[in-house]
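Source file: final-v6.cif; contents: mmCIF, C-alpha atoms and all ligand atoms.
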data_final
loop_
_atom_site.label_atom_id
_atom_site.label_comp_id
_atom_site.auth_asym_id
_atom_site.auth_seq_id
_atom_site.Cartn_x
_atom_site.Cartn_y
_atom_site.Cartn_z
CA MET O 1 103.14 93.78 115.51
CA CYS O 2 100.20 91.95 114.00
CA GLN O 3 101.00 88.49 115.33
CA GLU O 4 97.73 86.93 114.41
CA LEU O 5 96.70 87.20 110.81
CA LYS O 6 93.28 86.20 109.67
CA ILE O 7 92.82 85.83 105.96
CA LEU O 8 89.99 87.97 104.64
CA LYS O 9 90.19 87.51 100.91
CA GLN O 10 92.34 86.12 98.23
CA GLY O 11 92.27 88.18 95.06
CA ALA O 12 93.98 87.80 91.72
CA GLU O 13 97.03 89.76 92.81
CA ALA O 14 96.99 89.87 96.56
CA LYS O 15 95.99 88.18 99.76
CA LEU O 16 94.20 90.32 102.29
CA TYR O 17 94.63 89.69 105.98
CA ILE O 18 92.99 91.41 108.87
CA CYS O 19 94.84 92.17 112.04
CA ASN O 20 95.22 94.70 114.77
CA TYR O 21 97.83 97.38 114.20
CA LEU O 22 98.69 99.44 117.29
CA GLY O 23 95.20 98.88 118.63
CA LYS O 24 93.42 99.68 115.40
CA PRO O 25 91.62 97.38 112.98
CA ALA O 26 93.99 96.96 110.08
CA LEU O 27 94.15 95.22 106.76
CA ILE O 28 97.28 93.82 105.21
CA LYS O 29 97.42 93.61 101.46
CA GLU O 30 100.15 91.18 100.50
CA ARG O 31 100.98 90.85 96.84
CA PHE O 32 102.09 87.32 96.15
CA LYS O 33 104.71 86.13 93.69
CA LYS O 34 103.60 85.26 90.22
CA ASN O 35 105.54 82.24 89.07
CA TYR O 36 104.89 82.84 85.42
CA ARG O 37 106.88 86.07 85.59
CA HIS O 38 110.64 86.29 85.71
CA PRO O 39 111.52 86.87 89.39
CA ASP O 40 113.26 90.20 88.72
CA LEU O 41 110.39 91.49 86.64
CA ASP O 42 107.90 90.22 89.20
CA GLU O 43 109.69 92.13 91.93
CA THR O 44 109.84 95.31 89.87
CA ILE O 45 106.14 95.14 89.05
CA THR O 46 105.14 94.36 92.62
CA LYS O 47 107.26 97.19 94.01
CA GLU O 48 105.76 99.56 91.49
CA ARG O 49 102.19 98.54 92.43
CA ILE O 50 102.92 98.95 96.13
CA LYS O 51 104.45 102.37 95.51
CA ASN O 52 101.52 103.45 93.34
CA GLU O 53 99.05 102.29 95.93
CA ALA O 54 100.77 104.00 98.86
CA ARG O 55 101.35 107.23 96.94
CA SER O 56 97.80 107.52 95.64
CA ILE O 57 96.17 106.65 98.96
CA VAL O 58 97.96 109.62 100.47
CA ARG O 59 97.49 111.91 97.49
CA ALA O 60 93.79 111.18 97.22
CA LYS O 61 93.30 111.83 100.91
CA ALA O 62 95.04 115.19 100.54
CA ALA O 63 92.64 115.95 97.67
CA GLY O 64 89.67 115.37 99.94
CA VAL O 65 88.81 111.86 98.75
CA LYS O 66 88.43 109.44 101.59
CA THR O 67 90.90 106.52 101.48
CA PRO O 68 92.08 104.07 104.12
CA THR O 69 94.76 105.53 106.36
CA LEU O 70 98.11 104.13 105.39
CA TYR O 71 99.90 102.53 108.35
CA LEU O 72 102.98 100.84 106.98
CA VAL O 73 104.70 99.78 103.77
CA ASP O 74 106.90 96.69 103.88
CA PHE O 75 108.60 96.11 100.52
CA GLU O 76 110.46 93.01 101.78
CA ARG O 77 107.25 91.21 102.55
CA ARG O 78 105.34 92.88 99.73
CA ARG O 79 102.83 94.30 102.12
CA ILE O 80 100.83 97.41 102.75
CA TYR O 81 99.17 97.88 106.12
CA MET O 82 96.14 100.13 106.10
CA GLN O 83 93.01 101.04 107.98
CA HIS O 84 90.36 98.36 107.77
CA PHE O 85 86.80 99.63 107.46
CA GLU O 86 85.02 96.90 109.34
CA ASN O 87 81.61 98.35 108.70
CA SER O 88 81.66 98.76 104.99
CA ILE O 89 80.23 97.31 101.84
CA THR O 90 81.44 97.64 98.29
CA ALA O 91 79.49 99.84 95.89
CA LYS O 92 79.05 96.65 93.89
CA ASP O 93 77.17 94.89 96.70
CA SER O 94 75.24 98.02 97.53
CA ILE O 95 73.98 98.33 93.95
CA ILE O 96 73.08 94.65 93.83
CA GLN O 97 71.16 95.03 97.10
CA ILE O 98 69.34 98.14 95.92
CA LYS O 99 68.26 96.34 92.75
CA LYS O 100 67.16 93.29 94.71
CA SER O 101 65.19 95.19 97.33
CA GLY O 102 63.28 97.09 94.67
CA THR O 103 62.25 99.73 97.19
CA GLY O 104 63.29 103.29 96.69
CA ASP O 105 65.84 102.03 94.27
CA VAL O 106 65.82 104.94 91.87
CA ALA O 107 66.59 107.55 94.53
CA SER O 108 69.25 105.40 96.19
CA LEU O 109 70.91 104.53 92.95
CA ASP O 110 70.87 108.17 91.85
CA ALA O 111 72.41 109.30 95.10
CA LEU O 112 75.13 106.69 94.85
CA ALA O 113 75.82 107.48 91.19
CA ARG O 114 76.14 111.16 92.09
CA LYS O 115 78.65 110.38 94.82
CA ILE O 116 80.70 108.18 92.53
CA GLY O 117 80.76 110.88 89.83
CA GLU O 118 81.80 113.57 92.30
CA THR O 119 84.52 111.38 93.75
CA VAL O 120 86.06 110.35 90.44
CA ARG O 121 85.98 113.99 89.38
CA LYS O 122 87.81 114.99 92.52
CA LEU O 123 90.52 112.43 91.83
CA HIS O 124 90.87 113.66 88.27
CA ASP O 125 90.93 117.32 89.28
CA ASN O 126 93.98 116.37 91.26
CA ASN O 127 95.45 114.41 88.35
CA ILE O 128 95.04 111.06 90.06
CA ILE O 129 94.19 108.37 87.53
CA HIS O 130 92.84 105.38 89.43
CA GLY O 131 93.58 102.80 86.76
CA ASP O 132 91.04 100.21 87.91
CA LEU O 133 87.73 101.98 88.48
CA THR O 134 85.18 99.31 89.34
CA THR O 135 82.41 99.12 91.89
CA SER O 136 84.50 96.59 93.87
CA ASN O 137 87.10 99.26 94.41
CA ILE O 138 84.68 101.71 96.01
CA LEU O 139 83.53 101.19 99.57
CA LEU O 140 80.56 102.68 101.35
CA VAL O 141 81.12 103.62 104.97
CA GLU O 142 78.97 105.33 107.56
CA LYS O 143 79.74 109.02 108.04
CA ASN O 144 78.56 109.18 111.62
CA PRO O 145 78.36 105.74 113.17
CA SER O 146 74.98 105.77 114.81
CA ALA O 147 73.53 103.71 117.59
CA SER O 148 70.59 102.83 115.42
CA GLU O 149 70.76 100.11 112.88
CA LEU O 150 73.09 100.67 109.98
CA ASN O 151 71.16 101.57 106.87
CA TRP O 152 73.11 101.47 103.63
CA LEU O 153 70.29 103.24 101.83
CA ASP O 154 70.56 106.32 104.03
CA HIS O 155 72.74 108.25 101.64
CA ASP O 156 72.99 111.32 103.85
CA ASN O 157 74.94 109.22 106.30
CA ILE O 158 77.17 107.43 103.83
CA GLU O 159 80.43 108.38 102.26
CA LEU O 160 82.63 106.72 99.72
CA VAL O 161 86.11 105.37 100.28
CA MET O 162 88.30 104.70 97.27
CA ILE O 163 90.59 101.67 97.42
CA ASP O 164 92.86 99.48 95.29
CA PHE O 165 95.20 102.08 93.80
CA GLY O 166 97.84 99.58 92.63
CA LEU O 167 97.34 100.52 88.97
CA SER O 168 97.06 104.23 89.59
CA HIS O 169 99.32 106.99 88.37
CA VAL O 170 99.51 110.74 88.29
CA ASP O 171 98.76 112.40 84.98
CA SER O 172 97.11 115.63 83.98
CA SER O 173 96.14 114.60 80.45
CA ALA O 174 92.54 114.47 79.28
CA GLU O 175 93.41 111.22 77.50
CA ASP O 176 94.24 109.33 80.71
CA LYS O 177 91.13 110.67 82.42
CA GLY O 178 89.06 109.59 79.45
CA VAL O 179 90.55 106.10 79.61
CA ASP O 180 89.86 105.93 83.35
CA LEU O 181 86.19 106.73 82.67
CA TYR O 182 86.07 104.19 79.89
CA VAL O 183 87.41 101.48 82.23
CA LEU O 184 84.60 102.37 84.62
CA GLU O 185 81.99 102.22 81.89
CA ARG O 186 83.19 98.76 80.79
CA ALA O 187 83.22 97.52 84.38
CA LEU O 188 79.65 98.72 84.94
CA ILE O 189 78.43 97.06 81.77
CA SER O 190 79.85 93.72 82.84
CA THR O 191 78.97 93.89 86.55
CA HIS O 192 75.69 95.82 86.56
CA ASN O 193 74.04 95.08 83.26
CA ASP O 194 70.66 95.47 84.94
CA CYS O 195 71.43 99.17 85.53
CA PRO O 196 71.92 100.44 81.99
CA ASP O 197 71.85 104.13 82.87
CA LEU O 198 74.21 103.95 85.83
CA PHE O 199 77.24 105.14 83.93
CA SER O 200 75.47 108.09 82.35
CA LYS O 201 74.27 109.19 85.79
CA ILE O 202 77.79 108.95 87.15
CA PHE O 203 79.13 110.80 84.13
CA ASP O 204 76.51 113.56 84.55
CA ALA O 205 77.62 114.14 88.12
CA TYR O 206 81.25 114.05 87.03
CA LYS O 207 80.55 116.72 84.42
CA SER O 208 78.53 118.97 86.69
CA TYR O 209 81.42 119.40 89.11
CA SER O 210 83.55 120.28 86.21
CA LYS O 211 86.68 122.31 86.19
CA SER O 212 88.33 123.77 83.13
CA ASN O 213 89.09 120.98 80.66
CA ILE O 214 85.90 118.94 80.94
CA LYS O 215 85.11 119.32 77.23
CA GLU O 216 88.47 117.85 76.33
CA ILE O 217 87.99 114.95 78.74
CA ILE O 218 84.57 114.19 77.27
CA SER O 219 85.88 114.19 73.75
CA LYS O 220 88.84 111.96 74.72
CA PHE O 221 86.44 109.59 76.47
CA GLU O 222 84.32 109.39 73.33
CA GLU O 223 87.39 108.81 71.22
CA VAL O 224 88.62 105.98 73.44
CA ARG O 225 85.17 104.44 73.48
CA ALA O 226 84.92 104.57 69.68
CA ARG O 227 88.32 102.92 69.43
CA GLY O 228 87.11 100.24 71.86
CA ARG O 229 84.00 99.63 69.81
CA LYS O 230 86.03 99.26 66.66
CA ARG O 231 88.30 96.76 68.36
CA THR O 232 85.32 94.73 69.58
CA MET O 233 83.84 94.66 66.09
CA VAL O 234 87.10 93.52 64.55
CA GLY O 235 87.29 90.87 67.25
N1 LIG W 301 90.54 99.11 103.70
C1 LIG W 301 89.56 98.23 103.50
N2 LIG W 301 88.53 98.12 104.37
C2 LIG W 301 87.55 97.23 104.17
N3 LIG W 301 87.50 96.37 103.13
C3 LIG W 301 88.49 96.42 102.22
C4 LIG W 301 89.57 97.35 102.35
N4 LIG W 301 90.41 97.16 101.31
C5 LIG W 301 89.89 96.18 100.58
N5 LIG W 301 88.73 95.72 101.10
C6 LIG W 301 87.89 94.62 100.56
O1 LIG W 301 88.72 93.67 99.89
C7 LIG W 301 88.44 93.62 98.49
C8 LIG W 301 89.72 93.47 97.67
O2 LIG W 301 90.60 94.55 97.95
P1 LIG W 301 91.44 95.24 96.79
O3 LIG W 301 90.51 95.70 95.74
O4 LIG W 301 92.33 96.25 97.41
O5 LIG W 301 92.36 94.03 96.28
P2 LIG W 301 92.40 93.28 94.88
O6 LIG W 301 93.77 92.78 94.69
O7 LIG W 301 91.79 94.08 93.81
O8 LIG W 301 91.49 92.07 95.07
P3 LIG W 301 90.49 91.54 93.97
O9 LIG W 301 91.36 90.86 92.95
O10 LIG W 301 89.60 90.64 94.76
O11 LIG W 301 89.77 92.75 93.40
C9 LIG W 301 87.66 94.91 98.20
O12 LIG W 301 86.83 94.77 97.08
C10 LIG W 301 86.90 95.11 99.50
O13 LIG W 301 85.77 94.28 99.54
MG MG W 302 89.99 95.36 93.80
#
Here is the file; what I need is its structure written in the form of structure tokens.
Ligand SMILES: Nc1ncnc2c1ncn2[C@@H]1O[C@H](COP(=O)(O)OP(=O)(O)OP(=O)(O)O)[C@@H](O)[C@H]1O
Ligand SMILES: [Mg+2]
Amino acid sequence: MCQELKILKQGAEAKLYICNYLGKPALIKERFKKNYRHPDLDETITKERIKNEARSIVRAKAAGVKTPTLYLVDFERRRIYMQHFENSITAKDSIIQIKKSGTGDVASLDALARKIGETVRKLHDNNIIHGDLTTSNILLVEKNPSASELNWLDHDNIELVMIDFGLSHVDSSAEDKGVDLYVLERALISTHNDCPDLFSKIFDAYKSYSKSNIKEIISKFEEVRARGRKRTMVG
């Protein structure tokens, strides 16, 4: 099983390898040991992250949010094996490309923002709090792989895949949903400061697919944001 591992990326928490799992392109996410943590604590945290990730990948999929198919969880080796989307780009790179190309950027950006808003809303409607909403944790994949050249701006043929659920949890509270949105807003400000209205477009889409407690979520979001502001001002 997966004899040959090719390293794809080394993140802050995990190494990603690509391999072939039962004939399918797969990705192994291996969470490495952190030497600054006590070994027992490190193991507990790692196990928790792996469990969160596996649970939410499955739960989100059941809620109609596309996620990589989960192949295998190996606690001993601190690994998760999942579907690898070979033809994908992160929402982060897509947004950077759209801004760079300058052509049709408003429509493309709007379409992408709408999709992100709808997707986050779907997670929240199912009480899935992602915990690390950033544009690096959203992938764009082709809906119907076509023979013609792949066009990441063709938003009719693109769907989003949510990844990196290690910090996720299940919670129905408006507070946690508000915090999740606030994390996204902060991430967008630091990564896409040349798209100042991106978050509000995402939030508009999020609101328009609203279920019952949207008002409460909005007010919690504003509360958390005000608290954040205060903290920044104090230093
Ligand atoms: N299933 C997948 N298919 C294709 N690419 C993926 C997949 N999972 C992750 N990636 C790519 O690897 C990157 C890192 O993955 P992930 O976010 O799960 O790990 P991470 O620990 O957060 O790493 P980092 O610290 O770099 O954010 C993603 O931003 C994406 O580019
Ligand atoms: Mg990530």
Within 6 Å of (87.3, 100.6, 88.0), all atoms listed in the file: residues as a PyMOL selection string? chain O and resi 132-134+183-184
Any residue with an atom at most 12 Å from ligand MG 302 (chain W) counts, using all atoms listed in the file. Which are they? Put them as an MDAnalysis selection string. chainID O and resid 9:16 29 53 90:92 130:139 162:167 187
Using all atoms listed in the file, can you tell me which of O:Asn126, O:Asp197, O:Val179, O:Leu150 comes closest to Lys211 of chain O?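 That would be O:Asn126, the residue with the smallest distance to Lys211 of chain O.
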From the options O:Leu181, O:Ile189, O:Met82, O:Glu118, which residue's atoms come nearest to Ser208 of chain O, counting all atoms listed in the file?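 For Ser208 of chain O, the nearest of the candidates is O:Glu118.
You will find atom CA of Asp171 of chain O at 17.2 Å from atom CA of Ser219 of chain O.
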Select, from O:Tyr21, O:Phe199, O:Glu142, O:Leu27, the residue with the minimum atom-to-atom distance to Ile89 of chain O, counting all atoms listed in the file.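 Nearest candidate to Ile89 of chain O out of O:Tyr21, O:Phe199, O:Glu142, O:Leu27: O:Glu142.
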Might you pull out every residue within 10 Å of Tyr182 of chain O, with only C-alpha atoms counted and same-chain residues fewer than 3 positions away left off, and present them as a VMD selection string? chain O and resid 133 176 to 179 185 to 188 199 220 to 225 228
List the spatial neighbours of Ile158 of chain O as a PyMOL selection string - criterion: any atom at most 6 Å away, only C-alpha atoms, same-chain residues fewer than 3 positions off excluded. chain O and resi 141-143+155
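Nearest to ligand LIG 301 (chain W) of all the residues O:Leu109, O:Leu160, O:Leu153, O:Ile129 is O:Leu160, counting all atoms listed in the file.
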With 5 Å of padding per side, what axis-aligned box (centre and edge lengths, Å, one decimal) covers all the listed atoms of ligand LIG 301 (chain W)? Give it as JSON.
{"center_x": 89.8, "center_y": 94.9, "center_z": 98.7, "size_x": 18.0, "size_y": 18.5, "size_z": 21.4}
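Shortest separation to Ala60 of chain O among O:His124, O:Lys24, O:Lys47, O:Lys34 occurs at residue O:His124, atoms counted being all atoms listed in the file.
Our summary of the geometry notes that atom CA of Ala205 of chain O is positioned 5.2 Å from atom CA of Arg114 of chain O.
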Å distance separating atom CA of Arg31 of chain O from atom CA of Arg78 of chain O, one decimal place: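 Atom CA of Arg78 of chain O lies 5.6 Å from atom CA of Arg31 of chain O.
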May I ask which of the residues O:Tyr206, O:Phe75, O:Tyr36, O:Tyr17 is the closest one to ligand LIG 301 (chain W), counting only C-alpha atoms and all ligand atoms? O:Tyr17
Using only C-alpha atoms, can you list as a PDB file with C-alpha atoms, keeping the file's coordinate frame the residues within 10 Å of (101.8, 101.3, 100.8)?
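After the write, out33.pdb holds the following:
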ATOM      1  CA  ILE O  28      97.280  93.820 105.210  1.00  0.00           C
ATOM      2  CA  LYS O  29      97.420  93.610 101.460  1.00  0.00           C
ATOM      3  CA  LYS O  47     107.260  97.190  94.010  1.00  0.00           C
ATOM      4  CA  ARG O  49     102.190  98.540  92.430  1.00  0.00           C
ATOM      5  CA  ILE O  50     102.920  98.950  96.130  1.00  0.00           C
ATOM      6  CA  LYS O  51     104.450 102.370  95.510  1.00  0.00           C
ATOM      7  CA  ASN O  52     101.520 103.450  93.340  1.00  0.00           C
ATOM      8  CA  GLU O  53      99.050 102.290  95.930  1.00  0.00           C
ATOM      9  CA  ALA O  54     100.770 104.000  98.860  1.00  0.00           C
ATOM     10  CA  ARG O  55     101.350 107.230  96.940  1.00  0.00           C
ATOM     11  CA  SER O  56      97.800 107.520  95.640  1.00  0.00           C
ATOM     12  CA  ILE O  57      96.170 106.650  98.960  1.00  0.00           C
ATOM     13  CA  VAL O  58      97.960 109.620 100.470  1.00  0.00           C
ATOM     14  CA  THR O  69      94.760 105.530 106.360  1.00  0.00           C
ATOM     15  CA  LEU O  70      98.110 104.130 105.390  1.00  0.00           C
ATOM     16  CA  TYR O  71      99.900 102.530 108.350  1.00  0.00           C
ATOM     17  CA  LEU O  72     102.980 100.840 106.980  1.00  0.00           C
ATOM     18  CA  VAL O  73     104.700  99.780 103.770  1.00  0.00           C
ATOM     19  CA  ASP O  74     106.900  96.690 103.880  1.00  0.00           C
ATOM     20  CA  PHE O  75     108.600  96.110 100.520  1.00  0.00           C
ATOM     21  CA  ARG O  78     105.340  92.880  99.730  1.00  0.00           C
ATOM     22  CA  ARG O  79     102.830  94.300 102.120  1.00  0.00           C
ATOM     23  CA  ILE O  80     100.830  97.410 102.750  1.00  0.00           C
ATOM     24  CA  TYR O  81      99.170  97.880 106.120  1.00  0.00           C
ATOM     25  CA  MET O  82      96.140 100.130 106.100  1.00  0.00           C
ATOM     26  CA  PHE O 165      95.200 102.080  93.800  1.00  0.00           C
ATOM     27  CA  GLY O 166      97.840  99.580  92.630  1.00  0.00           C
TER      28      GLY O 166
END
